[in-house]
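Source file run.txt; content: compact mmCIF, C-alpha atoms.
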# COMPACT_ATOMS: atom_id res chain seq x y z
CA MET A 17 117.59 85.44 116.18
CA ALA A 18 119.41 85.03 112.89
CA LYS A 19 121.43 87.73 111.17
CA PRO A 20 119.42 90.41 109.32
CA GLY A 21 118.08 88.96 106.08
CA TYR A 22 118.29 85.34 107.26
CA GLY A 23 115.98 83.13 109.31
CA LYS A 24 112.25 82.46 109.36
CA ARG A 25 109.87 84.12 106.91
CA SER A 26 106.12 83.57 107.29
CA ALA A 27 104.11 82.86 104.16
CA PRO A 28 100.98 84.97 103.53
CA ASP A 29 97.28 84.00 103.77
CA GLN A 30 97.62 81.55 106.66
CA GLN A 31 94.66 80.34 108.67
CA ALA A 32 94.18 81.52 112.24
CA ARG A 33 95.99 79.57 114.95
CA THR A 34 93.80 76.88 116.61
CA GLN A 35 94.21 73.97 119.01
CA HIS A 36 94.02 71.45 116.17
CA ASP A 37 96.95 72.75 114.13
CA PHE A 38 99.22 69.97 112.82
CA ALA A 39 96.84 67.32 114.22
CA LEU A 40 97.45 65.00 111.25
CA LEU A 41 101.22 64.93 111.78
CA PRO A 42 103.10 62.40 113.92
CA THR A 43 103.91 63.39 117.48
CA ARG A 44 107.46 64.49 116.85
CA GLU A 45 106.66 66.54 113.75
CA ARG A 46 103.68 68.10 115.56
CA TYR A 47 105.92 69.05 118.48
CA VAL A 48 108.55 70.67 116.24
CA ALA A 49 105.93 72.39 114.08
CA GLY A 50 104.23 73.95 117.09
CA PHE A 51 107.54 75.37 118.28
CA ILE A 52 108.48 76.78 114.86
CA ASP A 53 105.03 78.30 114.41
CA HIS A 54 105.47 80.43 117.54
CA LEU A 55 108.94 81.69 116.60
CA PRO A 56 109.13 85.37 115.57
CA GLU A 57 110.12 86.62 112.15
CA GLY A 58 113.85 86.35 111.54
CA ALA A 59 114.42 83.58 114.10
CA ALA A 60 117.30 81.19 113.46
CA MET A 61 116.08 78.02 111.76
CA SER A 62 119.20 75.86 111.55
CA VAL A 63 119.07 72.32 112.89
CA LYS A 64 121.68 73.10 115.54
CA ASN A 65 119.79 76.13 116.89
CA LEU A 66 116.47 74.29 116.95
CA ALA A 67 118.02 71.31 118.77
CA LYS A 68 119.35 73.65 121.48
CA GLN A 69 115.81 74.89 122.18
CA LEU A 70 114.02 71.53 121.97
CA PRO A 71 115.25 69.24 124.78
CA LEU A 72 113.33 66.12 123.72
CA TYR A 73 115.17 65.56 120.42
CA GLY A 74 118.67 65.77 119.04
CA GLN A 75 119.93 67.26 115.80
CA GLN A 76 119.28 64.12 113.74
CA ALA A 77 115.69 63.91 114.97
CA ILE A 78 115.13 67.61 114.27
CA SER A 79 116.55 67.21 110.75
CA THR A 80 114.20 64.29 110.09
CA SER A 81 111.24 66.29 111.43
CA LEU A 82 112.03 69.25 109.17
CA THR A 83 112.09 66.89 106.20
CA GLY A 84 108.69 65.60 107.21
CA LEU A 85 107.31 69.13 107.58
CA SER A 86 108.65 69.99 104.13
CA VAL A 87 106.91 66.97 102.61
CA ALA A 88 103.71 67.90 104.47
CA GLY A 89 103.81 71.35 102.83
CA HIS A 90 104.63 73.54 105.82
CA LEU A 91 108.10 74.87 104.95
CA ARG A 92 110.60 75.48 102.18
CA ARG A 93 114.29 76.31 102.55
CA VAL A 94 115.56 78.79 99.95
CA ARG A 95 118.70 80.78 99.18
CA CYS A 96 118.72 84.10 97.33
CA PRO A 97 121.47 86.60 96.44
CA VAL A 98 121.74 90.11 97.84
CA GLY A 99 124.25 92.83 97.03
CA VAL A 100 125.73 94.22 93.84
CA GLY A 101 128.71 93.18 91.73
CA ASP A 102 131.59 91.53 93.55
CA GLU A 103 129.89 92.05 96.92
CA THR A 104 126.99 89.71 96.11
CA ARG A 105 126.41 87.11 98.81
CA TRP A 106 123.81 84.39 99.38
CA VAL A 107 121.36 84.52 102.28
CA PHE A 108 119.45 81.48 103.51
CA ARG A 109 115.81 81.69 104.57
CA THR A 110 113.10 79.27 105.68
CA PHE A 111 109.59 80.10 104.52
CA TRP A 112 107.00 78.76 106.96
CA SER A 113 103.26 78.23 106.56
CA ARG A 114 100.98 77.06 109.36
CA THR A 115 98.54 76.02 106.66
CA ALA A 116 99.81 73.07 104.63
CA ARG A 117 100.40 74.01 100.96
CA ASP A 118 100.83 71.86 97.88
CA ASN A 119 103.70 72.10 95.43
CA GLU A 120 101.77 74.30 92.99
CA TRP A 121 101.11 76.90 95.68
CA TRP A 122 104.74 76.96 96.79
CA ASN A 123 105.98 77.27 93.20
CA ALA A 124 103.63 80.19 92.54
CA TYR A 125 104.59 81.92 95.79
CA LEU A 126 108.32 81.53 95.21
CA ALA A 127 107.84 82.82 91.65
CA THR A 128 106.30 85.96 93.17
CA GLU A 129 109.28 86.31 95.51
CA GLN A 130 111.57 85.84 92.52
CA ALA A 131 109.84 88.66 90.62
CA ALA A 132 110.06 90.96 93.64
CA LEU A 133 113.76 90.19 94.03
CA ALA A 134 114.49 90.89 90.37
CA ALA A 135 112.55 94.18 90.46
CA ALA A 136 114.19 95.46 93.66
CA PRO A 137 116.33 98.52 92.72
CA VAL A 138 118.44 98.49 95.90
CA PRO A 139 119.75 95.31 97.56
CA GLU A 140 118.91 94.66 101.19
CA ALA A 141 122.45 94.56 102.51
CA SER A 142 123.67 97.73 100.82
CA VAL A 143 124.62 100.71 102.96
CA PRO A 144 125.08 104.09 101.26
CA ASP A 145 128.58 105.52 101.45
CA THR A 146 127.26 109.04 101.92
CA ALA A 147 125.33 108.35 105.10
CA PRO A 148 124.19 111.29 107.23
CA PRO A 149 126.33 112.07 110.26
CA PRO A 150 125.49 109.88 113.27
CA PRO A 151 123.70 111.43 116.25
CA TRP A 152 126.89 111.55 118.32
CA VAL A 153 128.47 114.13 115.95
CA PRO A 154 128.29 117.46 117.82
CA ALA A 155 125.87 119.96 116.40
CA GLU A 156 126.75 123.54 115.65
CA GLU A 157 127.31 125.66 118.72
CA PRO A 158 125.09 128.70 119.30
CA PRO A 159 126.56 131.99 118.05
CA PRO A 160 128.60 133.99 120.55
CA PRO A 161 126.98 136.97 122.29
CA LEU A 162 126.89 140.21 120.35
CA ALA A 163 128.79 142.20 122.96
CA PRO A 164 131.45 139.99 124.61
CA GLU A 165 133.24 143.02 126.11
CA SER A 166 130.29 143.95 128.36
CA THR A 167 131.03 142.90 131.96
CA GLY A 168 128.30 144.53 134.00
CA PRO A 169 125.93 141.85 135.36
CA GLU A 170 123.11 144.32 135.88
CA GLN A 171 123.45 146.00 132.49
CA ASP A 172 120.36 146.03 130.31
CA PRO A 173 120.81 143.66 127.32
CA GLU A 174 119.31 146.18 124.87
CA PRO A 175 122.47 148.37 124.53
CA THR A 176 124.30 145.35 123.04
CA ALA A 177 123.04 146.46 119.62
CA VAL A 178 124.92 149.78 119.86
CA PRO A 179 128.36 148.43 118.78
CA GLN A 180 126.82 147.26 115.48
CA GLN A 181 126.05 150.89 114.55
CA ARG A 182 129.66 152.06 114.51
CA THR A 183 130.99 154.10 111.63
CA PRO A 184 133.33 152.50 109.07
CA ALA A 185 136.26 154.45 110.53
CA GLN A 186 135.60 153.03 114.00
CA ALA A 187 135.15 149.52 112.63
CA SER A 188 138.51 149.66 110.84
CA SER A 189 140.27 150.91 113.96
CA ASP A 190 139.09 147.93 116.06
CA ALA A 191 141.24 145.22 114.49
CA GLU A 192 141.57 143.00 117.56
CA PRO A 193 138.02 141.63 118.06
CA ALA A 194 137.49 141.06 114.32
CA PRO A 195 139.54 137.83 114.02
CA SER A 196 137.76 136.25 117.03
CA ALA A 197 134.53 135.53 115.11
CA PRO A 198 136.06 133.83 112.04
CA ASP A 199 138.46 131.80 114.26
CA SER A 200 135.57 129.97 115.95
CA ARG A 201 133.42 129.40 112.87
CA PRO A 202 135.71 127.32 110.57
CA ALA A 203 135.78 124.58 113.22
CA LYS A 204 131.99 124.20 113.11
CA PRO A 205 131.51 122.52 109.73
CA HIS A 206 134.63 120.35 110.20
CA ALA A 207 132.84 117.82 112.44
CA VAL A 208 129.74 117.68 110.24
CA GLU A 209 131.68 117.46 106.97
CA ALA A 210 133.97 114.66 108.12
CA SER A 211 134.95 112.17 105.43
CA PRO A 212 133.15 108.82 105.10
CA ALA A 213 136.36 107.06 106.16
CA TYR A 214 136.59 109.12 109.38
CA LEU A 215 132.92 108.47 110.21
CA ALA A 216 133.30 104.74 109.53
CA LEU A 217 136.21 104.54 111.97
CA ALA A 218 134.43 106.60 114.61
CA ARG A 219 131.29 104.46 114.27
CA LEU A 220 133.21 101.27 115.14
CA GLY A 221 133.26 102.17 118.82
CA ARG A 222 129.48 102.50 118.90
CA ASP A 223 128.98 99.09 117.28
CA ASP A 224 131.60 97.31 119.42
CA HIS A 225 133.18 98.83 122.53
CA ARG A 226 136.37 96.84 121.90
CA LEU A 227 137.11 99.10 118.92
CA ALA A 228 136.50 102.46 120.60
CA LEU A 229 138.86 105.04 119.06
CA SER A 230 139.75 108.55 120.10
CA ALA A 231 139.53 111.51 117.75
CA GLY A 232 143.29 111.39 117.28
CA ASP A 233 143.18 107.67 116.41
CA CYS A 234 140.46 108.28 113.79
CA ALA A 235 142.47 111.10 112.25
CA ALA A 236 145.64 108.94 112.16
CA LEU A 237 143.85 105.99 110.50
CA GLU A 238 141.67 108.09 108.19
CA ALA A 239 144.15 107.99 105.29
CA GLN A 240 144.34 104.19 105.32
CA ALA A 241 140.55 103.82 105.48
CA ALA A 242 140.13 106.37 102.69
CA GLU A 243 142.42 104.25 100.51
CA TRP A 244 139.99 101.34 100.95
CA LEU A 245 137.07 103.48 99.80
CA ALA A 246 139.15 104.80 96.90
CA ARG A 247 139.53 101.22 95.67
CA GLY A 248 135.80 100.90 95.19
CA VAL A 249 134.61 99.17 98.37
CA SER A 250 131.67 100.43 100.40
CA VAL A 251 131.61 101.58 104.01
CA ASP A 252 129.70 98.41 104.92
CA TYR A 253 132.45 96.27 103.38
CA LEU A 254 135.12 98.24 105.26
CA THR A 255 133.28 97.85 108.57
CA SER A 256 132.76 94.11 108.09
CA ALA A 257 136.43 93.54 107.27
CA LEU A 258 137.58 95.44 110.37
CA THR A 259 135.15 93.81 112.81
CA ALA A 260 135.25 90.18 111.59
CA GLY A 261 136.81 87.68 113.99
CA LEU A 262 137.76 90.02 116.79
CA PRO A 263 139.55 88.53 119.81
CA ALA A 264 137.77 88.47 123.15
CA LYS A 265 139.95 91.32 124.45
CA VAL A 266 141.54 94.11 122.44
CA ASP A 267 144.33 95.93 124.28
CA SER A 268 145.12 98.43 121.52
CA PRO A 269 142.18 99.13 119.17
CA ALA A 270 144.21 101.60 117.10
CA GLY A 271 147.08 99.17 116.64
CA LEU A 272 144.76 96.30 115.70
CA LEU A 273 142.89 98.40 113.15
CA ARG A 274 146.14 99.81 111.68
CA ARG A 275 147.38 96.26 111.12
CA ARG A 276 144.09 95.11 109.58
CA LEU A 277 143.86 98.12 107.31
CA ALA A 278 147.32 97.32 105.98
CA ASP A 279 147.06 93.51 105.78
CA LYS A 280 143.52 93.31 104.37
CA MET A 281 143.83 96.08 101.81
CA PRO A 282 141.51 95.04 98.94
CA PRO A 283 142.66 95.01 95.32
CA ARG A 284 141.64 97.78 93.00
CA LEU A 285 138.33 97.13 91.28
CA PRO A 286 138.04 97.50 87.49
CA THR A 287 136.94 100.79 86.05
CA GLU A 288 133.31 101.62 85.39
CA ASN A 289 133.62 100.89 81.67
CA ALA A 290 134.92 97.40 82.35
CA SER A 291 132.21 96.70 84.91
CA LEU A 292 129.50 97.87 82.55
CA ALA A 293 130.74 95.52 79.85
CA THR A 294 130.36 92.51 82.16
CA PRO A 295 126.71 91.43 82.42
CA ALA A 296 125.39 91.17 85.94
CA PRO A 297 124.42 87.66 87.06
CA ALA A 298 120.72 86.88 87.20
CA ARG A 299 119.25 87.23 90.66
CA ARG A 300 117.13 84.17 91.31
CA ILE A 301 115.78 82.20 94.23
CA LEU A 302 116.92 78.61 94.65
CA VAL A 303 115.12 76.05 96.82
CA GLU A 304 117.32 73.87 99.00
CA CYS A 305 116.62 70.21 99.57
CA THR A 306 115.47 70.04 103.19
CA ASP A 307 117.34 66.77 103.65
CA CYS A 308 120.71 67.18 101.90
CA GLY A 309 120.80 70.92 101.08
CA ARG A 310 121.23 70.49 97.31
CA PRO A 311 119.92 73.68 95.59
CA GLY A 312 117.71 73.84 92.54
CA PRO A 313 114.72 75.62 91.00
CA PRO A 314 111.40 75.19 92.84
CA GLU A 315 109.94 73.00 90.08
CA ALA A 316 112.82 70.49 90.41
CA LEU A 317 112.31 69.96 94.17
CA PRO A 318 108.70 68.89 94.82
CA ASP A 319 107.93 68.56 98.53
CA GLY A 320 111.20 70.43 99.13
CA LEU A 321 113.28 67.31 98.36
CA CYS A 322 115.62 66.52 95.51
CA ARG A 323 115.15 63.40 93.41
CA LEU A 324 117.80 61.37 95.21
CA CYS A 325 116.37 62.11 98.67
CA ARG A 326 112.83 61.29 97.55
CA GLU A 327 114.01 57.92 96.23
CA ALA A 328 116.15 57.16 99.28
CA HIS A 329 113.51 58.01 101.90
CA PRO A 330 110.04 57.04 100.62
CA GLY A 331 107.21 57.49 103.10
CA ARG A 332 109.44 59.19 105.61
CA VAL A 333 106.68 61.11 107.37
CA GLU A 334 104.34 58.17 107.81
CA ASN A 335 107.04 55.92 109.28
CA SER A 336 108.52 58.44 111.72
CA PRO A 337 108.22 57.21 115.34
CA GLY A 338 105.83 58.98 117.69
CA MET A 339 106.34 59.93 121.32
CA ALA A 340 104.72 56.71 122.59
CA GLU A 341 107.17 54.51 120.67
CA VAL A 342 110.14 56.58 121.88
CA THR A 343 108.98 56.35 125.52
CA ALA A 344 108.45 52.60 125.26
CA ALA A 345 111.91 52.08 123.77
CA ARG A 346 113.54 54.10 126.53
CA ALA A 347 111.68 52.15 129.21
CA ARG A 348 112.77 48.88 127.62
CA VAL A 349 116.43 49.96 127.58
CA ALA A 350 116.20 51.07 131.21
CA SER A 351 114.81 47.69 132.27
CA LEU A 352 117.57 45.83 130.44
CA ARG A 353 120.19 47.95 132.19
CA ASP A 354 118.65 47.11 135.56
CA LEU A 355 118.87 43.39 134.77
CA LEU A 356 122.57 43.72 133.91
CA LYS A 357 123.50 45.36 137.20
CA PRO A 358 125.40 43.09 139.63
CA VAL A 359 123.39 41.80 142.58
For the structure just supplied, provide its representation as structure tokens.
Amino acid sequence: MAKPGYGKRSAPDQQARTQHDFALLPTRERYVAGFIDHLPEGAAMSVKNLAKQLPLYGQQAISTSLTGLSVAGHLRRVRCPVGVGDETRWVFRTFWSRTARDNEWWNAYLATEQAALAAAPVPEASVPDTAPPPPWVPAEEPPPPLAPESTGPEQDPEPTAVPQQRTPAQASSDAEPAPSAPDSRPAKPHAVEASPAYLALARLGRDDHRLALSAGDCAALEAQAAEWLARGVSVDYLTSALTAGLPAKVDSPAGLLRRRLADKMPPRLPTENASLATPAPARRILVECTDCGRPGPPEALPDGLCRLCREAHPGRVENSPGMAEVTAARARVASLRDLLKPV
């Protein structure tokens, strides 16, 4: 599976799966298309990952087959931006259709995706800084019993309400038990009202056991993490910077995170007035050439290929070798090797 937001995306309004799907394609393209069609949503669609799963063909053959499937109208590779401001990044997706589509259909469908992307109020990869406390934060403890001084195990619980009916003079004379109740209550909201920086550090151990921190470690590193958030970065950005490129074994998680918090401290972002004056870049979908990866608008890449690739590889799908030709060539090479062996 690819990272969230990447990978395979199925196009709508496809015909039901039958035994005759991709029957008009050459053997190799039909083989690759059948495998891609059964992949789940969000599966990795890079040439390297597909070649690992398909033992009959290498990366070059898979790349050629994807180009043929793009020309046949079954897939389009696109890139689209997600995020806000300086945290905008490009994600790469492969839209797949079991039913072959022409260029007009793909252009109209990608235009719909473009409109949905422009109208989206919240980007996909954004994580709110004020997230609710995770489930591992301890909940409030039940209130203490009303009469802690009662020691008789067989005593009826009803008389516990009697100490609440004391006169004001008696209540003022008992000064010792009064501080016990407020001493236990201020600690209750402390765990729930922990700062976003503290929660981000504590959550690292749940995401990756190599970064498990104690409560004391989180408290010691909280000031450094809070400085990151004060400079305008989000909790998601902080987490990604601390977890990127971890070694296979971490002997001291607190020491590693203290060093990263100091060395990777981000610069201060401009103020809100300066950011409002800068117009936000237009969020648009770009189609990638299936052969060379050159991006462009959907209208400029018919069949999912740029102009140079269409001119360099005319009739690529029709001339692609089938399984029979590949088997015959391998048999011929094997026979020649046998003739060259010494007697």
request  = Kindly indicate which residue among A:Pro318, A:Ala124, A:Ala257, A:Leu40 lies nearest to Glu304 (chain A), using only C-alpha atoms for the distances.
outcome  = A:Pro318
inquiry  = Between A:Leu217, A:Leu85, A:Leu55, A:Met61, which residue has the minimum interatomic distance to Pro42 (chain A), considering all atoms listed in the file?
reply    =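 For Pro42 (chain A), the nearest of the candidates is A:Leu85.
Nearest-residue note for Glu243 (chain A): choosing from A:Arg284, A:Arg44, A:Lys19, A:Arg276, the minimum distance belongs to A:Arg284, counting all atoms listed in the file.
Distance-wise, CA of Ala39 (chain A) and CA of Ala59 (chain A) end up 23.9 Å apart.
CA of Gly58 (chain A) sits 17.9 Å away from CA of Leu126 (chain A).
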ask   = Skipping near chain neighbours, those fewer than 5 positions away, what residues fall within 10 Å of Leu262 (chain A) using all atoms listed in the file, listed as a VMD selection string?
value = chain A and resid 224 226 to 227 272
Output the selection as an mmCIF file, in the frame of the given file - C-alpha atoms for each residue.
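Listed below is the output, out21.cif:
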data_model
loop_
_atom_site.group_PDB
_atom_site.id
_atom_site.type_symbol
_atom_site.label_atom_id
_atom_site.label_comp_id
_atom_site.auth_asym_id
_atom_site.auth_seq_id
_atom_site.Cartn_x
_atom_site.Cartn_y
_atom_site.Cartn_z
ATOM 1 C CA ASP A 224 131.600 97.310 119.420
ATOM 2 C CA ARG A 226 136.370 96.840 121.900
ATOM 3 C CA LEU A 227 137.110 99.100 118.920
ATOM 4 C CA LEU A 272 144.760 96.300 115.700
#
message = When you count all atoms listed in the file, which of these residues is closest to Pro71 (chain A): A:Trp106, A:Phe111, A:Phe51, A:Tyr253?
response =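 Nearest to Pro71 (chain A): A:Phe51.
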query = Could you state the separation of CA of Pro20 (chain A) and CA of Leu273 (chain A) in Å, given to one decimal place?
reply = 25.1 Å
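With only C-alpha atoms as the atoms that count, the minimum distance from Leu91 (chain A) to the choices A:Glu209, A:Asp252, A:Asp233, A:Asp319 is reached by A:Asp319.
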task = Give as a PyMOL selection string the set of residues within 12 Å of the point (149.0, 99.4, 111.0), where distances use the file's coordinates and all atoms listed in the file.
result = chain A and resi 233+236-241+268-281
Could you write out that same residue set with C-alpha atoms as a tab-separated table (two decimals), in the frame of the given file?
chain	number	residue	atom	x	y	z
A	233	ASP	CA	143.18	107.67	116.41
A	236	ALA	CA	145.64	108.94	112.16
A	237	LEU	CA	143.85	105.99	110.50
A	238	GLU	CA	141.67	108.09	108.19
A	239	ALA	CA	144.15	107.99	105.29
A	240	GLN	CA	144.34	104.19	105.32
A	241	ALA	CA	140.55	103.82	105.48
A	268	SER	CA	145.12	98.43	121.52
A	269	PRO	CA	142.18	99.13	119.17
A	270	ALA	CA	144.21	101.60	117.10
A	271	GLY	CA	147.08	99.17	116.64
A	272	LEU	CA	144.76	96.30	115.70
A	273	LEU	CA	142.89	98.40	113.15
A	274	ARG	CA	146.14	99.81	111.68
A	275	ARG	CA	147.38	96.26	111.12
A	276	ARG	CA	144.09	95.11	109.58
A	277	LEU	CA	143.86	98.12	107.31
A	278	ALA	CA	147.32	97.32	105.98
A	279	ASP	CA	147.06	93.51	105.78
A	280	LYS	CA	143.52	93.31	104.37
A	281	MET	CA	143.83	96.08	101.81
ask   = Of the candidates A:Arg92, A:Arg114, A:Arg348, A:Lys64, which one gets nearest to Gln31 (chain A) if we count all atoms listed in the file?
value = A:Arg114
